[in-house]
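Data first, discussion second: the structure below is written as structure tokens.
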Amino acid sequence: MHLRDDGSLTVTAAEEAIIRFIGVTKRFNGNLVLDELDIDILRGETTVIIGRSGCGKSVMLKHMTGLLRPDSGSILFKGDDITRYNRKKLFQMRMHFGMLFQSSALFDSMTVGENVALPLKEHTDMTDDEMERVVEEKLRLVGLTGVLDKYPSELSGGMKKRVGLARAVVMNPEVVLYDEPTTGLDPIMADVINELINRLRNELTITSVVVTHDIKSAYKVADRIAMLHGGKIVFSGTAEEVKKTDNSIVRQFVEGKAEGPIESV
């Protein structure tokens, strides 16, 4: 579903969308976070969700994997409504997803090799030698070699992000979710992560969903940018369409202005 500047909607064919939110509403303690939200995540594309901190971007990611259930509405994954799944079916569905957490979420007591291999160890019957070959392949893919036996405490922030990314794709998922992937990184390392997001999309043919408030990163990796505000997607379009839009909410956010329709709180 594409929201144009004139307010018209172009509805994407269902078979092109790997994930669809249809009228999704979610409240926490009476606070409305998602308000009849509609969005299509297109297969093979990188969709970037932008918006202010606390607006519900990470809540959207948790709904995509069934970690949260909506109060109302439907969430479709490859045409199936996951809000009706039981625990077993949700677990099976999550095997199609990889996740890069904001903090990388590496286990300090495990080596890099053990961290990346963890999904393989839990969900496959691979031998240790087979797992090691796959782990080394994914680490090379993110630009890391010779780090199998290192611990997270021995790594820089950028290296930790790349290890987390290698773990996110070690099972060859169809969809990879990125929660603020460049937070805490210097501009050069942030650009390295952006390049890797693009590389993985192209080489592994995956669908990516990136949650960020880093506009420079959004422009670099996005096929489509959607802005979440007031619990709804108020704009969806390409990076060029974002740059040219006269939508006052989008303009205030991307230009980082204190004054405008978005209240400073």
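Residues are referred to by chain and number: the chain letter is A, B, ... according to the order shown in the structure tokens, the number counts from 1 in that chain, and ligands are numbered separately from 1 in the order shown.
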Shell of 10 Å around Glu154 of chain A, only C-alpha atoms, local chain residues under 3 positions omitted, as an MDAnalysis selection string:
chainID A and resid 108 111:112 147 150:151 157 159:160
If you keep N, CA, C and O atoms, can you produce a file of those selected residues as a PDB file, in the first residue's frame?
ATOM      1  N   ASP A 108      28.052 -12.530  26.218  1.00  0.00           N
ATOM      2  CA  ASP A 108      29.435 -12.231  26.604  1.00  0.00           C
ATOM      3  C   ASP A 108      30.247 -13.477  26.918  1.00  0.00           C
ATOM      4  O   ASP A 108      31.470 -13.490  26.746  1.00  0.00           O
ATOM      5  N   THR A 111      32.078 -17.248  22.563  1.00  0.00           N
ATOM      6  CA  THR A 111      32.940 -16.693  21.536  1.00  0.00           C
ATOM      7  C   THR A 111      32.094 -16.194  20.364  1.00  0.00           C
ATOM      8  O   THR A 111      30.889 -16.479  20.285  1.00  0.00           O
ATOM      9  N   VAL A 112      32.739 -15.481  19.456  1.00  0.00           N
ATOM     10  CA  VAL A 112      32.055 -15.026  18.243  1.00  0.00           C
ATOM     11  C   VAL A 112      31.475 -16.217  17.496  1.00  0.00           C
ATOM     12  O   VAL A 112      30.303 -16.213  17.080  1.00  0.00           O
ATOM     13  N   VAL A 147      38.070 -14.116  13.646  1.00  0.00           N
ATOM     14  CA  VAL A 147      37.517 -13.669  14.931  1.00  0.00           C
ATOM     15  C   VAL A 147      36.706 -14.756  15.629  1.00  0.00           C
ATOM     16  O   VAL A 147      36.085 -14.500  16.665  1.00  0.00           O
ATOM     17  N   LYS A 150      37.362 -15.087  19.357  1.00  0.00           N
ATOM     18  CA  LYS A 150      37.347 -13.886  20.190  1.00  0.00           C
ATOM     19  C   LYS A 150      36.021 -13.791  20.955  1.00  0.00           C
ATOM     20  O   LYS A 150      35.016 -14.373  20.559  1.00  0.00           O
ATOM     21  N   TYR A 151      36.048 -13.032  22.055  1.00  0.00           N
ATOM     22  CA  TYR A 151      34.840 -12.788  22.835  1.00  0.00           C
ATOM     23  C   TYR A 151      34.322 -11.377  22.548  1.00  0.00           C
ATOM     24  O   TYR A 151      35.096 -10.495  22.133  1.00  0.00           O
ATOM     25  N   GLY A 157      32.552  -1.665  18.736  1.00  0.00           N
ATOM     26  CA  GLY A 157      31.105  -1.598  18.547  1.00  0.00           C
ATOM     27  C   GLY A 157      30.693  -2.004  17.150  1.00  0.00           C
ATOM     28  O   GLY A 157      29.699  -2.723  16.964  1.00  0.00           O
ATOM     29  N   MET A 159      32.320  -4.002  15.098  1.00  0.00           N
ATOM     30  CA  MET A 159      32.527  -5.445  14.928  1.00  0.00           C
ATOM     31  C   MET A 159      31.398  -6.231  15.578  1.00  0.00           C
ATOM     32  O   MET A 159      30.922  -7.225  15.032  1.00  0.00           O
ATOM     33  N   LYS A 160      30.936  -5.772  16.729  1.00  0.00           N
ATOM     34  CA  LYS A 160      29.817  -6.443  17.397  1.00  0.00           C
ATOM     35  C   LYS A 160      28.567  -6.402  16.516  1.00  0.00           C
ATOM     36  O   LYS A 160      27.842  -7.399  16.417  1.00  0.00           O
TER      37      LYS A 160
END
Which polymer residues have any atom within 9 Å of an atom of segment 132-139 of chain A, counting only C-alpha atoms, with same-chain residues fewer than 4 positions away left out, as a list in words?
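With the cut-off at 9 Å, the set is Gly113, Glu114, Val116, Ala117, Thr127, Asp128, Gly143, Leu144, Thr145, Gly146, Val147, Leu148, Arg162, Val163, Leu165, Ala166, Arg167, Val169 and Val170 of chain A.
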Take the residues from that selection and write them out as a JSON list (two decimals), in the first residue's frame, keeping N, CA and C atoms.
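Printed below is part32.json as written:
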[["chain", "number", "residue", "atom", "x", "y", "z"],
["A", 113, "GLY", "N", 32.29, -17.27, 17.33],
["A", 113, "GLY", "CA", 31.82, -18.45, 16.62],
["A", 113, "GLY", "C", 30.61, -19.08, 17.27],
["A", 114, "GLU", "N", 30.62, -19.16, 18.59],
["A", 114, "GLU", "CA", 29.50, -19.76, 19.33],
["A", 114, "GLU", "C", 28.25, -18.89, 19.23],
["A", 116, "VAL", "N", 27.41, -16.83, 16.71],
["A", 116, "VAL", "CA", 26.84, -16.92, 15.36],
["A", 116, "VAL", "C", 26.23, -18.29, 15.12],
["A", 117, "ALA", "N", 26.85, -19.32, 15.69],
["A", 117, "ALA", "CA", 26.38, -20.69, 15.46],
["A", 117, "ALA", "C", 25.15, -21.05, 16.28],
["A", 127, "THR", "N", 26.62, -30.97, 11.87],
["A", 127, "THR", "CA", 27.78, -31.35, 12.68],
["A", 127, "THR", "C", 28.56, -30.09, 13.05],
["A", 128, "ASP", "N", 29.48, -30.22, 13.99],
["A", 128, "ASP", "CA", 30.29, -29.07, 14.39],
["A", 128, "ASP", "C", 31.08, -28.51, 13.22],
["A", 143, "GLY", "N", 32.37, -9.13, 6.35],
["A", 143, "GLY", "CA", 33.69, -8.51, 6.38],
["A", 143, "GLY", "C", 34.54, -8.84, 7.59],
["A", 144, "LEU", "N", 34.29, -9.98, 8.21],
["A", 144, "LEU", "CA", 35.07, -10.38, 9.39],
["A", 144, "LEU", "C", 35.72, -11.74, 9.15],
["A", 145, "THR", "N", 36.99, -11.82, 9.42],
["A", 145, "THR", "CA", 37.71, -13.11, 9.39],
["A", 145, "THR", "C", 38.64, -13.16, 10.59],
["A", 146, "GLY", "N", 38.97, -14.37, 11.01],
["A", 146, "GLY", "CA", 39.91, -14.55, 12.11],
["A", 146, "GLY", "C", 39.40, -14.13, 13.46],
["A", 147, "VAL", "N", 38.07, -14.12, 13.65],
["A", 147, "VAL", "CA", 37.52, -13.67, 14.93],
["A", 147, "VAL", "C", 36.71, -14.76, 15.63],
["A", 148, "LEU", "N", 36.72, -15.97, 15.09],
["A", 148, "LEU", "CA", 35.88, -17.05, 15.64],
["A", 148, "LEU", "C", 36.08, -17.23, 17.14],
["A", 162, "ARG", "N", 28.49, -6.29, 13.30],
["A", 162, "ARG", "CA", 28.67, -7.20, 12.18],
["A", 162, "ARG", "C", 28.53, -8.66, 12.61],
["A", 163, "VAL", "N", 28.99, -8.97, 13.81],
["A", 163, "VAL", "CA", 28.79, -10.33, 14.33],
["A", 163, "VAL", "C", 27.29, -10.58, 14.51],
["A", 165, "LEU", "N", 24.96, -9.24, 12.86],
["A", 165, "LEU", "CA", 24.38, -9.36, 11.53],
["A", 165, "LEU", "C", 24.66, -10.74, 10.94],
["A", 166, "ALA", "N", 25.86, -11.25, 11.16],
["A", 166, "ALA", "CA", 26.18, -12.61, 10.70],
["A", 166, "ALA", "C", 25.25, -13.63, 11.34],
["A", 167, "ARG", "N", 24.98, -13.46, 12.63],
["A", 167, "ARG", "CA", 24.05, -14.37, 13.31],
["A", 167, "ARG", "C", 22.64, -14.22, 12.77],
["A", 169, "VAL", "N", 21.70, -13.68, 9.79],
["A", 169, "VAL", "CA", 21.50, -14.29, 8.47],
["A", 169, "VAL", "C", 22.03, -15.72, 8.39],
["A", 170, "VAL", "N", 22.49, -16.27, 9.52],
["A", 170, "VAL", "CA", 23.13, -17.58, 9.48],
["A", 170, "VAL", "C", 22.17, -18.69, 9.06]]
Would you please give, as a ChimeraX atom specification, all residues of segment 24-118 of chain A that DSSP assigns to strand (DSSP E or B) based on the backbone?
/A:24-28,31-42,46-50,72-77,80-81,97-100
What does the file look like for those residues with N, CA and C atoms, as a JSON list (two decimals), in the first residue's frame?
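result_36.json, freshly written:
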[["chain", "number", "residue", "atom", "x", "y", "z"],
["A", 24, "VAL", "N", -4.16, -2.58, 12.00],
["A", 24, "VAL", "CA", -3.58, -3.06, 13.27],
["A", 24, "VAL", "C", -3.62, -1.96, 14.34],
["A", 25, "THR", "N", -4.23, -2.30, 15.45],
["A", 25, "THR", "CA", -4.33, -1.38, 16.59],
["A", 25, "THR", "C", -3.71, -2.04, 17.82],
["A", 26, "LYS", "N", -2.92, -1.26, 18.57],
["A", 26, "LYS", "CA", -2.31, -1.77, 19.80],
["A", 26, "LYS", "C", -2.25, -0.66, 20.83],
["A", 27, "ARG", "N", -2.70, -0.99, 22.05],
["A", 27, "ARG", "CA", -2.63, -0.07, 23.18],
["A", 27, "ARG", "C", -1.81, -0.69, 24.29],
["A", 28, "PHE", "N", -1.11, 0.15, 25.05],
["A", 28, "PHE", "CA", -0.42, -0.27, 26.25],
["A", 28, "PHE", "C", -0.91, 0.61, 27.39],
["A", 31, "ASN", "N", -2.74, 3.57, 26.42],
["A", 31, "ASN", "CA", -2.05, 4.48, 25.50],
["A", 31, "ASN", "C", -2.06, 3.89, 24.09],
["A", 32, "LEU", "N", -2.64, 4.59, 23.14],
["A", 32, "LEU", "CA", -2.75, 4.12, 21.77],
["A", 32, "LEU", "C", -1.40, 4.27, 21.06],
["A", 33, "VAL", "N", -0.81, 3.15, 20.66],
["A", 33, "VAL", "CA", 0.51, 3.16, 20.00],
["A", 33, "VAL", "C", 0.37, 2.94, 18.50],
["A", 34, "LEU", "N", -0.40, 1.93, 18.11],
["A", 34, "LEU", "CA", -0.70, 1.70, 16.70],
["A", 34, "LEU", "C", -2.20, 1.88, 16.50],
["A", 35, "ASP", "N", -2.57, 2.69, 15.51],
["A", 35, "ASP", "CA", -3.95, 3.10, 15.33],
["A", 35, "ASP", "C", -4.46, 2.68, 13.94],
["A", 36, "GLU", "N", -5.05, 1.48, 13.86],
["A", 36, "GLU", "CA", -5.56, 0.95, 12.59],
["A", 36, "GLU", "C", -4.52, 1.11, 11.48],
["A", 37, "LEU", "N", -3.32, 0.66, 11.78],
["A", 37, "LEU", "CA", -2.18, 0.85, 10.90],
["A", 37, "LEU", "C", -2.22, -0.11, 9.71],
["A", 38, "ASP", "N", -1.96, 0.43, 8.53],
["A", 38, "ASP", "CA", -1.87, -0.35, 7.29],
["A", 38, "ASP", "C", -0.51, -0.14, 6.65],
["A", 39, "ILE", "N", 0.15, -1.23, 6.28],
["A", 39, "ILE", "CA", 1.39, -1.12, 5.52],
["A", 39, "ILE", "C", 1.69, -2.46, 4.87],
["A", 40, "ASP", "N", 2.26, -2.41, 3.68],
["A", 40, "ASP", "CA", 2.74, -3.60, 2.99],
["A", 40, "ASP", "C", 4.26, -3.58, 2.93],
["A", 41, "ILE", "N", 4.88, -4.69, 3.28],
["A", 41, "ILE", "CA", 6.32, -4.87, 3.15],
["A", 41, "ILE", "C", 6.54, -5.74, 1.91],
["A", 42, "LEU", "N", 7.16, -5.18, 0.88],
["A", 42, "LEU", "CA", 7.27, -5.88, -0.39],
["A", 42, "LEU", "C", 8.46, -6.84, -0.39],
["A", 46, "THR", "N", 13.95, -3.28, 0.66],
["A", 46, "THR", "CA", 14.27, -2.77, 1.98],
["A", 46, "THR", "C", 13.30, -1.65, 2.31],
["A", 47, "THR", "N", 12.48, -1.89, 3.32],
["A", 47, "THR", "CA", 11.53, -0.88, 3.80],
["A", 47, "THR", "C", 12.08, -0.27, 5.07],
["A", 48, "VAL", "N", 12.21, 1.03, 5.10],
["A", 48, "VAL", "CA", 12.71, 1.74, 6.28],
["A", 48, "VAL", "C", 11.54, 2.43, 6.97],
["A", 49, "ILE", "N", 11.40, 2.17, 8.26],
["A", 49, "ILE", "CA", 10.37, 2.81, 9.08],
["A", 49, "ILE", "C", 11.03, 3.92, 9.88],
["A", 50, "ILE", "N", 10.60, 5.17, 9.65],
["A", 50, "ILE", "CA", 11.15, 6.31, 10.39],
["A", 50, "ILE", "C", 10.07, 6.89, 11.30],
["A", 72, "SER", "N", -6.51, -5.45, 17.70],
["A", 72, "SER", "CA", -7.42, -5.70, 16.58],
["A", 72, "SER", "C", -6.63, -5.56, 15.29],
["A", 73, "GLY", "N", -7.20, -6.08, 14.21],
["A", 73, "GLY", "CA", -6.52, -6.04, 12.93],
["A", 73, "GLY", "C", -5.83, -7.34, 12.61],
["A", 74, "SER", "N", -5.24, -7.41, 11.41],
["A", 74, "SER", "CA", -4.59, -8.62, 10.94],
["A", 74, "SER", "C", -3.16, -8.33, 10.51],
["A", 75, "ILE", "N", -2.29, -9.33, 10.69],
["A", 75, "ILE", "CA", -0.91, -9.26, 10.21],
["A", 75, "ILE", "C", -0.67, -10.51, 9.38],
["A", 76, "LEU", "N", -0.42, -10.32, 8.10],
["A", 76, "LEU", "CA", -0.24, -11.45, 7.20],
["A", 76, "LEU", "C", 1.24, -11.66, 6.89],
["A", 77, "PHE", "N", 1.67, -12.91, 6.97],
["A", 77, "PHE", "CA", 3.00, -13.30, 6.52],
["A", 77, "PHE", "C", 2.82, -14.32, 5.40],
["A", 80, "ASP", "N", -0.78, -15.59, 5.20],
["A", 80, "ASP", "CA", -1.42, -16.19, 6.38],
["A", 80, "ASP", "C", -1.50, -15.19, 7.52],
["A", 81, "ASP", "N", -2.63, -15.16, 8.22],
["A", 81, "ASP", "CA", -2.83, -14.25, 9.34],
["A", 81, "ASP", "C", -2.16, -14.85, 10.58],
["A", 97, "PHE", "N", 12.75, -15.55, 9.91],
["A", 97, "PHE", "CA", 13.18, -14.20, 10.23],
["A", 97, "PHE", "C", 14.56, -14.20, 10.87],
["A", 98, "GLY", "N", 15.32, -13.16, 10.56],
["A", 98, "GLY", "CA", 16.55, -12.86, 11.29],
["A", 98, "GLY", "C", 16.40, -11.49, 11.91],
["A", 99, "MET", "N", 17.17, -11.22, 12.98],
["A", 99, "MET", "CA", 17.01, -9.95, 13.69],
["A", 99, "MET", "C", 18.36, -9.40, 14.12],
["A", 100, "LEU", "N", 18.62, -8.15, 13.76],
["A", 100, "LEU", "CA", 19.78, -7.44, 14.29],
["A", 100, "LEU", "C", 19.28, -6.47, 15.34]]
Extract the full set of alpha helix (DSSP H) residues from segment 18-251 of chain A according to DSSP on the backbone, and format it as a ChimeraX atom specification.
/A:57-64,87-94,112-123,128-141,157-169,187-204,215-221,239-244,248-251
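Of the residues under consideration (A:Ser236, A:Ser109, A:Thr65, A:Ser156), A:Ser156 shows the shortest atom-to-atom contact distance to Leu185 of chain A when counting only C-alpha atoms.
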Near Leu228 of chain A, counting only C-alpha atoms, which residues have an atom at most 7 Å away, once you skip same-chain residues fewer than 4 positions from it, shown as number ranges by chain?
A: 49-51, 55, 232-234
How far is it from atom CA of Met227 of chain A to atom CA of Phe91 of chain A, in Å with one decimal?
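A separation of 29.2 Å between them.
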Residues within 8 Å of segment 190-201 of chain A, please, as a PyMOL selection string. Count only C-alpha atoms; anything in the same chain fewer than 2 positions from it doesn't count.
chain A and resi 44-46+142+158+161-162+181-183+185-188+203-208+217+220-221
Given only C-alpha atoms as the basis, pick out the residue of A:Glu263, A:Asp223, A:Glu180, A:Asp246 nearest to Val210 of chain A.
A:Glu180
Out of A:Glu259, A:Glu174, A:Glu240, A:Asp149, which residue has the shortest atom-to-atom distance to Lys78 of chain A when counting only C-alpha atoms?
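Using only C-alpha atoms, Lys78 of chain A sits closest to A:Glu174.
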Å distance separating atom CA of Thr238 of chain A from atom CA of Ala222 of chain A, one decimal place
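A separation of 7.3 Å between them.
Distance check against Gln92 of chain A using only C-alpha atoms: of A:Leu155, A:Ile225, A:Lys216, A:Gly66, the minimum falls on A:Gly66.
One finds atom CA of Met126 of chain A at 29.4 Å from atom CA of Leu61 of chain A.
Each of A:Gly56, A:Gly164, A:Pro173, A:Gly260 was compared to Phe107 of chain A using only C-alpha atoms, and A:Gly164 turns out to be the nearest.
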